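Shown next: protein.cif, given as mmCIF, C-alpha atoms and all ligand atoms.
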```cif
data_work
loop_
_atom_site.label_atom_id
_atom_site.label_comp_id
_atom_site.auth_asym_id
_atom_site.auth_seq_id
_atom_site.Cartn_x
_atom_site.Cartn_y
_atom_site.Cartn_z
CA MET A 1 119.49 91.09 74.25
CA SER A 2 117.29 90.67 71.20
CA ARG A 3 113.63 91.59 71.63
CA ALA A 4 112.73 91.42 67.94
CA ALA A 5 110.05 88.74 68.28
CA SER A 6 108.32 90.71 71.06
CA LYS A 7 108.41 93.83 68.91
CA ALA A 8 106.77 92.02 66.00
CA ALA A 9 104.17 90.43 68.29
CA PHE A 10 103.27 93.85 69.69
CA GLU A 11 102.93 95.33 66.21
CA LEU A 12 100.54 92.56 65.20
CA ALA A 13 98.54 92.84 68.43
CA GLN A 14 98.09 96.58 67.92
CA THR A 15 96.19 95.88 64.69
CA LEU A 16 93.62 93.81 66.61
CA ILE A 17 93.58 94.84 70.28
CA PRO A 18 93.30 98.49 71.48
CA GLY A 19 96.88 99.59 72.17
CA GLY A 20 97.94 95.96 71.66
CA VAL A 21 97.15 94.95 75.25
CA ASN A 22 94.23 93.71 77.32
CA SER A 23 95.15 95.94 80.27
CA PRO A 24 96.90 99.32 79.92
CA ALA A 25 99.52 98.69 82.64
CA ARG A 26 101.20 96.18 80.30
CA ALA A 27 101.84 98.54 77.40
CA PHE A 28 105.14 100.13 78.54
CA GLY A 29 103.46 103.55 78.14
CA GLY A 30 105.35 104.95 81.13
CA VAL A 31 108.80 103.84 79.98
CA GLY A 32 108.61 103.77 76.19
CA GLY A 33 109.39 100.92 73.83
CA HIS A 34 107.38 97.73 73.46
CA PRO A 35 106.38 95.11 76.00
CA SER A 36 108.07 91.72 76.31
CA TYR A 37 105.82 88.91 75.14
CA ILE A 38 105.98 86.00 77.54
CA ARG A 39 106.15 82.37 76.52
CA ARG A 40 106.23 80.83 79.99
CA GLY A 41 106.97 81.40 83.66
CA GLU A 42 108.77 79.16 86.13
CA GLY A 43 109.51 80.03 89.77
CA ALA A 44 111.04 83.51 89.89
CA TYR A 45 111.56 83.69 86.12
CA LEU A 46 109.75 84.70 82.99
CA TYR A 47 110.90 83.54 79.56
CA ASP A 48 110.01 85.83 76.67
CA ILE A 49 109.34 84.73 73.09
CA ASP A 50 112.85 85.83 72.07
CA GLY A 51 114.22 83.23 74.51
CA ASN A 52 115.42 85.68 77.18
CA GLN A 53 115.25 84.68 80.85
CA LEU A 54 114.03 87.48 83.14
CA ILE A 55 114.03 87.69 86.94
CA ASP A 56 110.42 88.67 87.54
CA TYR A 57 109.48 91.39 90.08
CA VAL A 58 105.96 91.81 88.71
CA GLY A 59 104.52 88.38 89.55
CA SER A 60 101.51 89.10 87.32
CA TRP A 61 101.07 92.34 89.35
CA GLY A 62 100.84 90.50 92.65
CA PRO A 63 99.25 87.04 92.50
CA HIS A 64 102.41 84.93 92.20
CA ILE A 65 103.70 85.15 95.77
CA VAL A 66 104.83 81.49 95.59
CA GLY A 67 106.35 81.94 92.13
CA HIS A 68 105.18 80.84 88.69
CA ARG A 69 103.91 77.28 88.21
CA HIS A 70 104.23 76.21 91.82
CA PRO A 71 103.87 72.39 91.62
CA ALA A 72 101.10 72.24 94.25
CA VAL A 73 99.07 74.94 92.49
CA ILE A 74 99.47 73.34 89.07
CA ALA A 75 98.49 69.93 90.48
CA ALA A 76 95.36 71.38 92.12
CA ILE A 77 94.26 73.07 88.90
CA GLN A 78 94.91 69.89 86.89
CA SER A 79 92.92 67.81 89.32
CA ALA A 80 89.99 70.27 89.25
CA LEU A 81 90.07 70.17 85.46
CA GLU A 82 89.33 66.45 85.56
CA THR A 83 85.88 67.12 87.01
CA GLY A 84 84.76 70.01 84.78
CA THR A 85 85.31 73.74 84.38
CA SER A 86 82.06 75.37 85.53
CA PHE A 87 78.65 74.19 86.66
CA GLY A 88 76.57 77.24 87.58
CA ALA A 89 75.67 75.37 90.75
CA PRO A 90 77.41 75.36 94.14
CA THR A 91 80.49 73.22 94.78
CA GLU A 92 82.04 72.32 98.12
CA ILE A 93 85.39 73.91 97.33
CA GLU A 94 83.74 77.35 97.31
CA THR A 95 82.93 76.81 100.97
CA GLU A 96 86.46 75.52 101.55
CA LEU A 97 88.05 78.72 100.19
CA ALA A 98 85.48 80.82 102.09
CA ARG A 99 86.52 78.99 105.28
CA MET A 100 90.19 79.69 104.59
CA VAL A 101 89.50 83.40 104.05
CA VAL A 102 87.36 83.71 107.18
CA ASP A 103 90.04 81.91 109.22
CA ALA A 104 92.83 84.08 107.79
CA VAL A 105 91.11 87.46 108.15
CA PRO A 106 89.12 87.74 111.40
CA SER A 107 87.26 90.90 110.29
CA ILE A 108 85.68 88.84 107.50
CA GLU A 109 82.76 86.85 108.92
CA LYS A 110 81.09 86.22 105.57
CA VAL A 111 82.62 86.38 102.11
CA ARG A 112 81.37 86.39 98.51
CA MET A 113 83.59 85.27 95.61
CA VAL A 114 83.72 87.29 92.39
CA ASN A 115 86.02 87.21 89.36
CA SER A 116 88.27 90.26 89.72
CA GLY A 117 89.41 92.93 92.13
CA THR A 118 87.31 95.47 90.27
CA GLU A 119 84.18 93.41 90.85
CA ALA A 120 85.09 93.09 94.52
CA THR A 121 85.45 96.85 95.15
CA MET A 122 82.42 97.72 93.01
CA SER A 123 80.31 95.26 94.99
CA ALA A 124 81.70 96.29 98.38
CA ILE A 125 80.75 99.90 97.70
CA ARG A 126 77.24 98.92 96.63
CA VAL A 127 76.86 96.85 99.79
CA ALA A 128 78.18 99.65 102.02
CA ARG A 129 75.69 102.06 100.44
CA GLY A 130 72.86 99.56 100.71
CA PHE A 131 73.69 98.84 104.34
CA THR A 132 73.99 102.48 105.45
CA GLY A 133 71.34 103.96 103.16
CA ARG A 134 73.88 106.70 102.34
CA SER A 135 75.48 107.60 99.00
CA LEU A 136 78.71 109.53 99.61
CA ILE A 137 82.03 107.68 99.60
CA VAL A 138 85.59 108.77 100.27
CA LYS A 139 88.62 107.62 98.32
CA PHE A 140 92.22 108.80 98.41
CA ALA A 141 94.17 110.20 95.46
CA GLY A 142 96.59 107.61 94.11
CA CYS A 143 94.77 104.60 95.54
CA TYR A 144 93.51 102.35 92.73
CA HIS A 145 90.49 100.16 93.24
CA GLY A 146 89.95 98.83 89.73
CA HIS A 147 88.06 100.48 86.90
CA VAL A 148 84.81 101.07 88.80
CA ASP A 149 82.94 104.12 87.41
CA SER A 150 82.47 105.82 90.79
CA LEU A 151 86.18 105.35 91.59
CA LEU A 152 87.63 106.64 88.30
CA VAL A 153 87.70 110.06 89.84
CA GLN A 154 90.05 112.93 90.48
CA ALA A 155 89.86 115.53 93.22
CA GLY A 156 87.51 118.48 92.77
CA SER A 157 88.68 122.10 92.98
CA GLY A 158 88.62 122.23 96.79
CA ALA A 159 89.70 119.38 99.02
CA LEU A 160 86.18 118.76 100.27
CA THR A 161 84.30 119.19 96.99
CA HIS A 162 83.03 116.34 94.89
CA GLY A 163 85.27 114.57 92.41
CA HIS A 164 85.28 114.66 88.62
CA PRO A 165 85.61 111.69 86.28
CA SER A 166 89.22 110.83 85.44
CA SER A 167 88.18 108.98 82.28
CA PRO A 168 85.91 109.90 79.40
CA GLY A 169 82.89 107.62 79.40
CA VAL A 170 82.28 108.09 83.11
CA PRO A 171 79.37 110.53 83.53
CA GLU A 172 79.69 113.31 86.13
CA GLY A 173 76.76 111.66 87.89
CA CYS A 174 78.82 108.54 88.59
CA THR A 175 81.51 110.43 90.49
CA ALA A 176 79.27 113.09 92.06
CA ASP A 177 79.07 111.02 95.25
CA THR A 178 82.81 110.39 95.55
CA ILE A 179 85.06 112.71 97.56
CA VAL A 180 88.79 112.46 96.90
CA LEU A 181 91.23 113.27 99.70
CA GLU A 182 95.03 113.17 100.05
CA TYR A 183 96.39 109.90 101.51
CA ASN A 184 97.89 110.14 104.99
CA ASP A 185 96.22 113.52 105.70
CA ILE A 186 94.42 113.00 109.01
CA ASP A 187 93.42 116.68 109.35
CA GLN A 188 91.68 116.76 105.98
CA LEU A 189 89.81 113.55 106.74
CA THR A 190 88.79 114.76 110.19
CA ALA A 191 87.51 118.05 108.74
CA LEU A 192 85.35 116.16 106.25
CA PHE A 193 83.89 113.90 108.92
CA GLU A 194 83.12 116.91 111.13
CA THR A 195 80.91 118.46 108.48
CA ARG A 196 79.56 115.46 106.56
CA GLY A 197 80.30 112.33 108.62
CA LYS A 198 76.66 111.28 108.86
CA GLU A 199 76.32 111.37 105.04
CA LEU A 200 79.30 109.10 104.40
CA ALA A 201 78.54 105.50 103.41
CA ALA A 202 82.16 104.34 103.21
CA ILE A 203 85.83 105.11 103.14
CA ILE A 204 87.69 102.86 100.73
CA LEU A 205 91.48 102.73 100.84
CA GLU A 206 94.53 100.61 100.25
CA PRO A 207 95.83 100.16 103.83
CA VAL A 208 99.30 100.09 102.29
CA VAL A 209 99.23 101.64 98.82
CA GLY A 210 100.79 99.75 95.94
CA ASN A 211 99.19 101.67 93.11
CA MET A 212 101.06 105.00 93.22
CA GLY A 213 104.25 103.13 93.90
CA LEU A 214 104.55 101.86 97.46
CA VAL A 215 103.24 104.31 100.06
CA ILE A 216 103.08 103.32 103.71
CA PRO A 217 100.37 104.66 106.03
CA LYS A 218 101.75 107.17 108.52
CA GLU A 219 101.54 106.34 112.21
CA GLY A 220 97.92 106.93 113.26
CA PHE A 221 96.39 107.26 109.79
CA LEU A 222 94.63 103.87 109.65
CA GLN A 223 93.52 104.28 113.27
CA ALA A 224 92.07 107.71 112.43
CA CYS A 225 90.12 106.16 109.54
CA ARG A 226 88.85 103.48 111.92
CA ASP A 227 87.83 105.90 114.68
CA LEU A 228 86.09 108.39 112.39
CA CYS A 229 84.13 105.59 110.68
CA THR A 230 83.08 104.06 113.99
CA LYS A 231 81.86 107.42 115.28
CA SER A 232 79.77 108.25 112.23
CA GLY A 233 78.50 104.79 111.29
CA THR A 234 80.53 104.83 108.07
CA VAL A 235 81.74 101.51 106.63
CA LEU A 236 85.54 101.23 106.57
CA ILE A 237 86.59 99.23 103.50
CA PHE A 238 90.18 98.03 103.27
CA ASP A 239 90.97 97.26 99.66
CA GLU A 240 93.41 94.41 100.20
CA VAL A 241 93.29 93.13 96.62
CA MET A 242 97.05 93.64 96.51
CA THR A 243 98.04 93.43 100.19
CA GLY A 244 95.80 90.51 101.22
CA PHE A 245 97.90 87.38 101.92
CA ARG A 246 100.89 89.47 100.74
CA LEU A 247 101.93 91.58 103.74
CA ALA A 248 100.94 88.81 106.15
CA TYR A 249 98.62 85.81 105.90
CA GLY A 250 95.92 88.09 107.36
CA GLY A 251 96.92 91.01 105.12
CA ALA A 252 97.72 94.60 106.05
CA GLN A 253 95.00 94.58 108.72
CA GLU A 254 96.89 91.85 110.60
CA ARG A 255 100.20 93.64 110.16
CA PHE A 256 98.90 97.01 111.38
CA GLY A 257 96.34 95.69 113.87
CA ILE A 258 93.41 97.71 112.48
CA THR A 259 90.03 96.04 111.91
CA PRO A 260 87.99 97.26 108.92
CA ASP A 261 84.26 96.59 108.47
CA MET A 262 84.70 95.22 104.97
CA THR A 263 87.66 93.88 102.99
CA THR A 264 88.19 93.31 99.29
CA LEU A 265 90.57 90.62 98.04
CA GLY A 266 91.92 89.52 94.67
CA LYS A 267 95.26 88.67 93.08
CA ILE A 268 96.84 86.10 95.50
CA ILE A 269 93.46 84.63 96.43
CA GLY A 270 93.22 83.27 92.88
CA GLY A 271 96.83 82.09 92.67
CA GLY A 272 97.03 83.33 89.06
CA LEU A 273 93.44 82.58 88.05
CA PRO A 274 90.73 85.27 87.95
CA VAL A 275 89.30 85.60 91.47
CA GLY A 276 88.18 88.46 93.66
CA ALA A 277 86.29 88.43 96.92
CA TYR A 278 84.58 90.84 99.26
CA GLY A 279 83.55 90.21 102.80
CA GLY A 280 83.17 91.64 106.26
CA ARG A 281 80.92 91.85 109.28
CA SER A 282 78.00 89.44 109.06
CA ASP A 283 75.41 92.17 109.70
CA ILE A 284 76.75 94.06 106.68
CA MET A 285 77.10 91.00 104.44
CA ALA A 286 73.52 90.02 105.40
CA VAL A 287 72.24 92.64 102.93
CA VAL A 288 73.79 90.77 99.99
CA SER A 289 71.37 88.94 97.68
CA PRO A 290 69.86 86.35 98.10
CA ALA A 291 70.24 86.76 101.89
CA GLY A 292 69.25 90.42 101.54
CA PRO A 293 68.14 93.05 99.01
CA VAL A 294 71.48 94.30 97.55
CA TYR A 295 71.93 92.63 94.17
CA GLN A 296 75.26 91.13 93.09
CA ALA A 297 75.81 88.04 90.94
CA GLY A 298 78.26 86.23 88.63
CA THR A 299 77.95 83.36 86.13
CA LEU A 300 81.52 82.19 86.77
CA SER A 301 81.84 83.31 90.40
CA GLY A 302 83.38 80.59 92.58
CA ASN A 303 84.68 78.85 89.47
CA PRO A 304 86.13 75.44 90.43
CA LEU A 305 89.51 75.88 88.67
CA ALA A 306 89.95 79.30 90.27
CA MET A 307 88.92 78.02 93.71
CA ALA A 308 91.36 75.10 93.45
CA SER A 309 94.17 77.46 92.46
CA GLY A 310 93.36 79.83 95.33
CA ILE A 311 93.12 77.08 97.93
CA ALA A 312 96.44 75.52 96.86
CA THR A 313 98.13 78.92 96.96
CA LEU A 314 96.81 79.79 100.42
CA GLN A 315 97.87 76.36 101.70
CA GLN A 316 101.45 77.23 100.73
CA LEU A 317 101.14 80.50 102.65
CA LYS A 318 100.14 78.95 105.99
CA ASP A 319 103.79 79.19 106.87
CA ALA A 320 105.20 81.95 109.05
CA ALA A 321 108.73 81.08 107.90
CA LEU A 322 107.79 81.88 104.31
CA TYR A 323 106.70 85.42 105.25
CA GLN A 324 109.78 85.83 107.42
CA ARG A 325 112.04 84.89 104.54
CA LEU A 326 110.19 87.20 102.12
CA GLU A 327 110.73 90.01 104.61
CA THR A 328 114.46 89.32 104.94
CA VAL A 329 115.08 88.80 101.24
CA THR A 330 113.17 91.91 100.23
CA ARG A 331 114.90 94.04 102.86
CA ARG A 332 118.28 92.92 101.55
CA LEU A 333 117.26 93.71 97.98
CA VAL A 334 115.91 97.17 98.76
CA ASP A 335 118.87 98.07 100.98
CA GLY A 336 121.17 96.97 98.16
CA LEU A 337 119.33 99.06 95.56
CA VAL A 338 119.16 102.19 97.70
CA SER A 339 122.81 102.07 98.70
CA ALA A 340 123.88 101.42 95.10
CA ALA A 341 121.93 104.52 94.03
CA LYS A 342 123.52 106.50 96.84
CA GLU A 343 127.03 105.43 95.83
CA ALA A 344 126.32 106.64 92.31
CA GLY A 345 125.01 109.96 93.64
CA ILE A 346 121.46 109.31 92.42
CA PRO A 347 118.66 110.52 94.73
CA ALA A 348 116.42 107.54 95.50
CA VAL A 349 114.25 106.22 98.32
CA GLY A 350 112.98 102.67 98.69
CA PRO A 351 109.86 102.38 100.83
CA ARG A 352 109.17 98.72 101.56
CA CYS A 353 106.50 96.72 103.33
CA GLY A 354 106.80 92.94 103.47
CA SER A 355 107.63 91.75 99.97
CA MET A 356 106.43 94.93 98.23
CA PHE A 357 108.60 97.95 97.47
CA THR A 358 109.18 100.84 95.07
CA LEU A 359 112.43 102.57 94.23
CA PHE A 360 111.37 106.20 93.81
CA PHE A 361 113.87 108.39 91.98
CA GLN A 362 113.67 111.36 94.34
CA ALA A 363 114.90 112.41 97.79
CA GLY A 364 111.57 111.53 99.48
CA PRO A 365 109.72 111.11 101.72
CA VAL A 366 106.73 109.78 99.72
CA ASN A 367 103.52 109.95 101.75
CA ASN A 368 100.92 110.66 99.08
CA LEU A 369 100.34 111.11 95.35
CA THR A 370 101.66 114.68 95.29
CA ASP A 371 104.95 113.41 96.77
CA ALA A 372 105.10 110.40 94.42
CA LYS A 373 104.71 112.65 91.39
CA ARG A 374 107.94 114.48 92.26
CA SER A 375 109.90 111.42 91.08
CA ASP A 376 112.26 111.63 88.11
CA THR A 377 110.34 109.43 85.68
CA THR A 378 112.88 109.94 82.89
CA ARG A 379 115.54 108.44 85.11
CA PHE A 380 113.19 105.62 86.05
CA SER A 381 112.64 104.80 82.37
CA LYS A 382 116.37 104.58 81.73
CA PHE A 383 116.82 102.44 84.83
CA PHE A 384 113.94 100.18 83.81
CA HIS A 385 115.37 99.57 80.33
CA ALA A 386 118.90 99.01 81.64
CA LEU A 387 117.60 96.36 84.03
CA LEU A 388 115.49 94.70 81.36
CA GLU A 389 118.58 94.54 79.15
CA ALA A 390 120.34 92.82 82.07
CA GLY A 391 117.54 90.25 82.48
CA VAL A 392 115.60 91.89 85.34
CA TYR A 393 111.90 92.50 84.77
CA LEU A 394 110.48 95.38 86.87
CA PRO A 395 106.98 96.90 86.68
CA CYS A 396 107.02 99.24 83.67
CA SER A 397 106.10 102.38 85.64
CA GLN A 398 107.61 104.42 88.47
CA PHE A 399 104.17 104.37 90.08
CA GLU A 400 103.84 100.63 90.66
CA ALA A 401 105.04 98.32 93.41
CA CYS A 402 107.62 95.59 92.82
CA PHE A 403 106.83 92.11 94.19
CA VAL A 404 109.29 89.56 95.52
CA SER A 405 108.18 85.92 95.60
CA ALA A 406 109.13 82.92 97.70
CA ALA A 407 110.85 81.53 94.60
CA HIS A 408 113.45 84.34 94.45
CA SER A 409 116.82 82.95 95.52
CA ASP A 410 119.69 84.79 97.18
CA ALA A 411 121.49 84.54 93.85
CA ASP A 412 118.56 86.27 92.11
CA ILE A 413 118.75 89.11 94.61
CA ASP A 414 122.55 89.42 94.16
CA ALA A 415 122.15 89.45 90.38
CA THR A 416 119.50 92.16 90.64
CA ILE A 417 121.63 94.38 92.88
CA ALA A 418 124.61 93.90 90.54
CA ALA A 419 122.48 94.84 87.52
CA ALA A 420 121.23 97.95 89.34
CA LYS A 421 124.80 98.98 90.28
CA SER A 422 125.90 98.79 86.70
CA ALA A 423 122.76 100.66 85.55
CA PHE A 424 123.29 103.47 88.09
CA GLY A 425 126.89 103.81 86.89
CA LYS A 426 125.55 104.63 83.42
CA LEU A 427 122.71 106.88 84.67
CA ALA A 428 124.67 109.09 87.05
C1 LIG B 1 94.70 95.19 91.18
C2 LIG B 1 93.86 95.96 92.12
C3 LIG B 1 92.48 96.11 91.94
C4 LIG B 1 91.77 95.64 90.71
O1 LIG B 1 91.82 94.27 90.54
P1 LIG B 1 91.52 93.65 89.07
O2 LIG B 1 91.55 92.19 89.31
O3 LIG B 1 92.62 94.16 88.19
O4 LIG B 1 90.20 94.16 88.66
C5 LIG B 1 91.76 96.73 92.94
N1 LIG B 1 92.35 97.21 94.04
C6 LIG B 1 93.67 97.10 94.23
C7 LIG B 1 94.27 97.62 95.49
C8 LIG B 1 94.47 96.49 93.27
O5 LIG B 1 95.80 96.43 93.47
#
```

Represent the structure from my file as C-alpha cells, please.
Ligand SMILES: *Cc1c(COP(=O)(O)O)cnc(C)c1O
Amino acid sequence: MSRAASKAAFELAQTLIPGGVNSPARAFGGVGGHPSYIRRGEGAYLYDIDGNQLIDYVGSWGPHIVGHRHPAVIAAIQSALETGTSFGAPTEIETELARMVVDAVPSIEKVRMVNSGTEATMSAIRVARGFTGRSLIVKFAGCYHGHVDSLLVQAGSGALTHGHPSSPGVPEGCTADTIVLEYNDIDQLTALFETRGKELAAIILEPVVGNMGLVIPKEGFLQACRDLCTKSGTVLIFDEVMTGFRLAYGGAQERFGITPDMTTLGKIIGGGLPVGAYGGRSDIMAVVSPAGPVYQAGTLSGNPLAMASGIATLQQLKDAALYQRLETVTRRLVDGLVSAAKEAGIPAVGPRCGSMFTLFFQAGPVNNLTDAKRSDTTRFSKFFHALLEAGVYLPCSQFEACFVSAAHSDADIDATIAAAKSAFGKLA
C-alpha cells in the first residue's frame, strides 16, 4: 500500500499546524509513522488521498454510528443549508433536538446545547459547583472529559490528596479542587466520601470508559457512585459524550440502570458536526443563565446545520434492531480477534460493551488505568500498522476504543478478522 501522498501532506501540515494536526489523537504519536490523510468517507469506509480504501473502526472517534455520509443525515444538512448557517437567535429545531434528548434520556429534564464535549463537561462542572455551592470535584484516572483545565489533572501523592496539572499551562490553582481516584475502586471512593463527602460538588466519570481503552464498570461501582452522591448531596455527572446513543439509545445509564443527576453528551448527538450538550434534573439546570445565575453561553450553540445533523442521526437510532445488530456484529468481531490472538499464542483480552471494544495486548483483566498501562504497546503498534497495510483503520493508540457502525457488513468483519489472523502470524 502506498501512503506517499499522506506522508507529503503531513510534512506540509507540520510547517503550519502544531504537530501537523488539529487534535493530538490524530498524529500517530502512539504507533509511529504518519497519519493517513482522508479524502472522503462512505458507509464503513474511509478513502485516503493515496486512493486506499480502509475499513474504519474510528468513526471520527465515535460520532459515525450510522456510518459516513448516511443519506438521511446528508439530506438533512443540505436542507438546513438552504435556510442559512447561523442566526444568533432561537430556531425551532433546537427545541426539537432538546425534545429528542429528553425523551431518550429520562434523567435529563432540561438540556443546553454547546459545541463540543469539552464545553459540555466544563459547563456541567460549573453548574454542579454553582448548584451545590461547593468546589471539590472527583474524577477517575484514565477517564477523559475533554481539555478542561480542572480536569487535566493527575493523582496527587496520596490517593486522597489533591491532583496536579497534567499539562503545562494549567496552573496548580485550577486542579487544586480536583481529586483523582482509581476507576472501579469502591473502597477508595467510600473512604473519600466518609471524610469529605459534604465538601464534594460532583463526581464526573465515564460510566463505561472509552478513553483508556475500553474499561467496563465492575458490578456495583456505578451504584456505589450513585449512593454516595445521594447521601452527601453531591452531583453525579455521567460523561456520556462517547457512550450516549452508542451503548443504547438512552446511553450507558439505560444499559446499566443507574440514574445520574447530570449527563454530558457529544459525538453522536451531532452526527459528525460539532455539538455537545449537558443536561439533568430541572432543579439543577434551573441555575443556568438566563434562568439562573451560573453563566454559560455560545455564539454558535444550537447551530442549525449541527441540529439538523443530530436530529437526522438520532432518528436513525430509534431502532432497537439496529442496536441489536451492532451488538451481534461487534461480539463476533471481538471473539474472532481474541481467538485469533490466542491461536497465535499472543496474550490479549477484548473487553467489549455494545459496539465499543479494545483489544489490549496483555493477559488482563483491565479494570483501571494501572491495569491498562500493563499492555504491550510495542506489539500494539506492530499490529496497528499490519492492519493498516491490510486496509483496516484502527484507532492509533492502544488506549482508545474501537467503534463499529451500522454500516459495517458481515464481509467487513470477516475481512478484519482475516487481516488480524495474518498480522498475529507475523507478530508471534
Ligand atoms: C471525546 C470526549 C470528550 C471531549 O469531547 P470533544 O468534543 O473532543 O471536546 C469528553 N468526554 C468524553 C467521554 C469523550 O469521549

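For the residues A:Gly197, A:Gly250, A:Gly32, A:Pro207, ranking by smallest atom-to-atom distance to Lys231 of chain A using all atoms listed in the file places A:Gly197 first.
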
Nearby residues (all atoms listed in the file) at most 10 Å from Arg331 of chain A, same-chain spacing under 2 positions excluded, as a ChimeraX atom specification = /A:325-329,333-337,350-357

For ligand LIG 1 (chain B), list the contacting residues at 9 Å or closer, counting only C-alpha atoms and all ligand atoms, as a PyMOL selection string.
-> chain A and resi 23+61-62+115-121+143-148+205-211+238-243+264-267+274-276

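Candidate residues A:Ile417, A:Ala363, A:Met262, A:Cys396 were compared for distance to Val105 of chain A, and the nearest is A:Met262, using all atoms listed in the file.
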
Check the smallest atom-to-atom distance from each of A:Ile346, A:Ala341, A:Ala320, A:Met285 to Asp261 of chain A using only C-alpha atoms, then report the winner.
-> A:Met285

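Here the question is which of A:Pro395, A:Pro365, A:Pro106, A:Gly233 gets nearest to Gln253 of chain A using all atoms listed in the file, and that residue is A:Pro106.
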
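Remark: for Gly272 of chain A, the closest of the candidate residues A:Arg69, A:Gly33, A:Ile93, A:Ile179 is A:Arg69 (distances computed over all atoms listed in the file).
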
Please provide the set of residues having any atom within 7 Å of Ile137 of chain A, restricted to only C-alpha atoms, with same-chain residues fewer than 3 positions apart removed, written as a PyMOL selection string.
-> chain A and resi 177-179+200-203

Near-Met100 of chain A list (12 Å; only C-alpha atoms; drop same-chain fewer than 2 positions) as a PDB file with C-alpha atoms, in the coordinates of the input:
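File produced: out_21.pdb:
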```pdb
ATOM      1  CA  ILE A  93      85.390  73.910  97.330  1.00  0.00           C
ATOM      2  CA  GLU A  94      83.740  77.350  97.310  1.00  0.00           C
ATOM      3  CA  THR A  95      82.930  76.810 100.970  1.00  0.00           C
ATOM      4  CA  GLU A  96      86.460  75.520 101.550  1.00  0.00           C
ATOM      5  CA  LEU A  97      88.050  78.720 100.190  1.00  0.00           C
ATOM      6  CA  ALA A  98      85.480  80.820 102.090  1.00  0.00           C
ATOM      7  CA  VAL A 102      87.360  83.710 107.180  1.00  0.00           C
ATOM      8  CA  ASP A 103      90.040  81.910 109.220  1.00  0.00           C
ATOM      9  CA  ALA A 104      92.830  84.080 107.790  1.00  0.00           C
ATOM     10  CA  VAL A 105      91.110  87.460 108.150  1.00  0.00           C
ATOM     11  CA  PRO A 106      89.120  87.740 111.400  1.00  0.00           C
ATOM     12  CA  ILE A 108      85.680  88.840 107.500  1.00  0.00           C
ATOM     13  CA  GLU A 109      82.760  86.850 108.920  1.00  0.00           C
ATOM     14  CA  LYS A 110      81.090  86.220 105.570  1.00  0.00           C
ATOM     15  CA  VAL A 111      82.620  86.380 102.110  1.00  0.00           C
ATOM     16  CA  PHE A 245      97.900  87.380 101.920  1.00  0.00           C
ATOM     17  CA  TYR A 249      98.620  85.810 105.900  1.00  0.00           C
ATOM     18  CA  GLY A 250      95.920  88.090 107.360  1.00  0.00           C
ATOM     19  CA  ILE A 269      93.460  84.630  96.430  1.00  0.00           C
ATOM     20  CA  MET A 307      88.920  78.020  93.710  1.00  0.00           C
ATOM     21  CA  GLY A 310      93.360  79.830  95.330  1.00  0.00           C
ATOM     22  CA  ILE A 311      93.120  77.080  97.930  1.00  0.00           C
ATOM     23  CA  ALA A 312      96.440  75.520  96.860  1.00  0.00           C
ATOM     24  CA  THR A 313      98.130  78.920  96.960  1.00  0.00           C
ATOM     25  CA  LEU A 314      96.810  79.790 100.420  1.00  0.00           C
ATOM     26  CA  GLN A 315      97.870  76.360 101.700  1.00  0.00           C
ATOM     27  CA  LEU A 317     101.140  80.500 102.650  1.00  0.00           C
ATOM     28  CA  LYS A 318     100.140  78.950 105.990  1.00  0.00           C
TER      29      LYS A 318
END
```
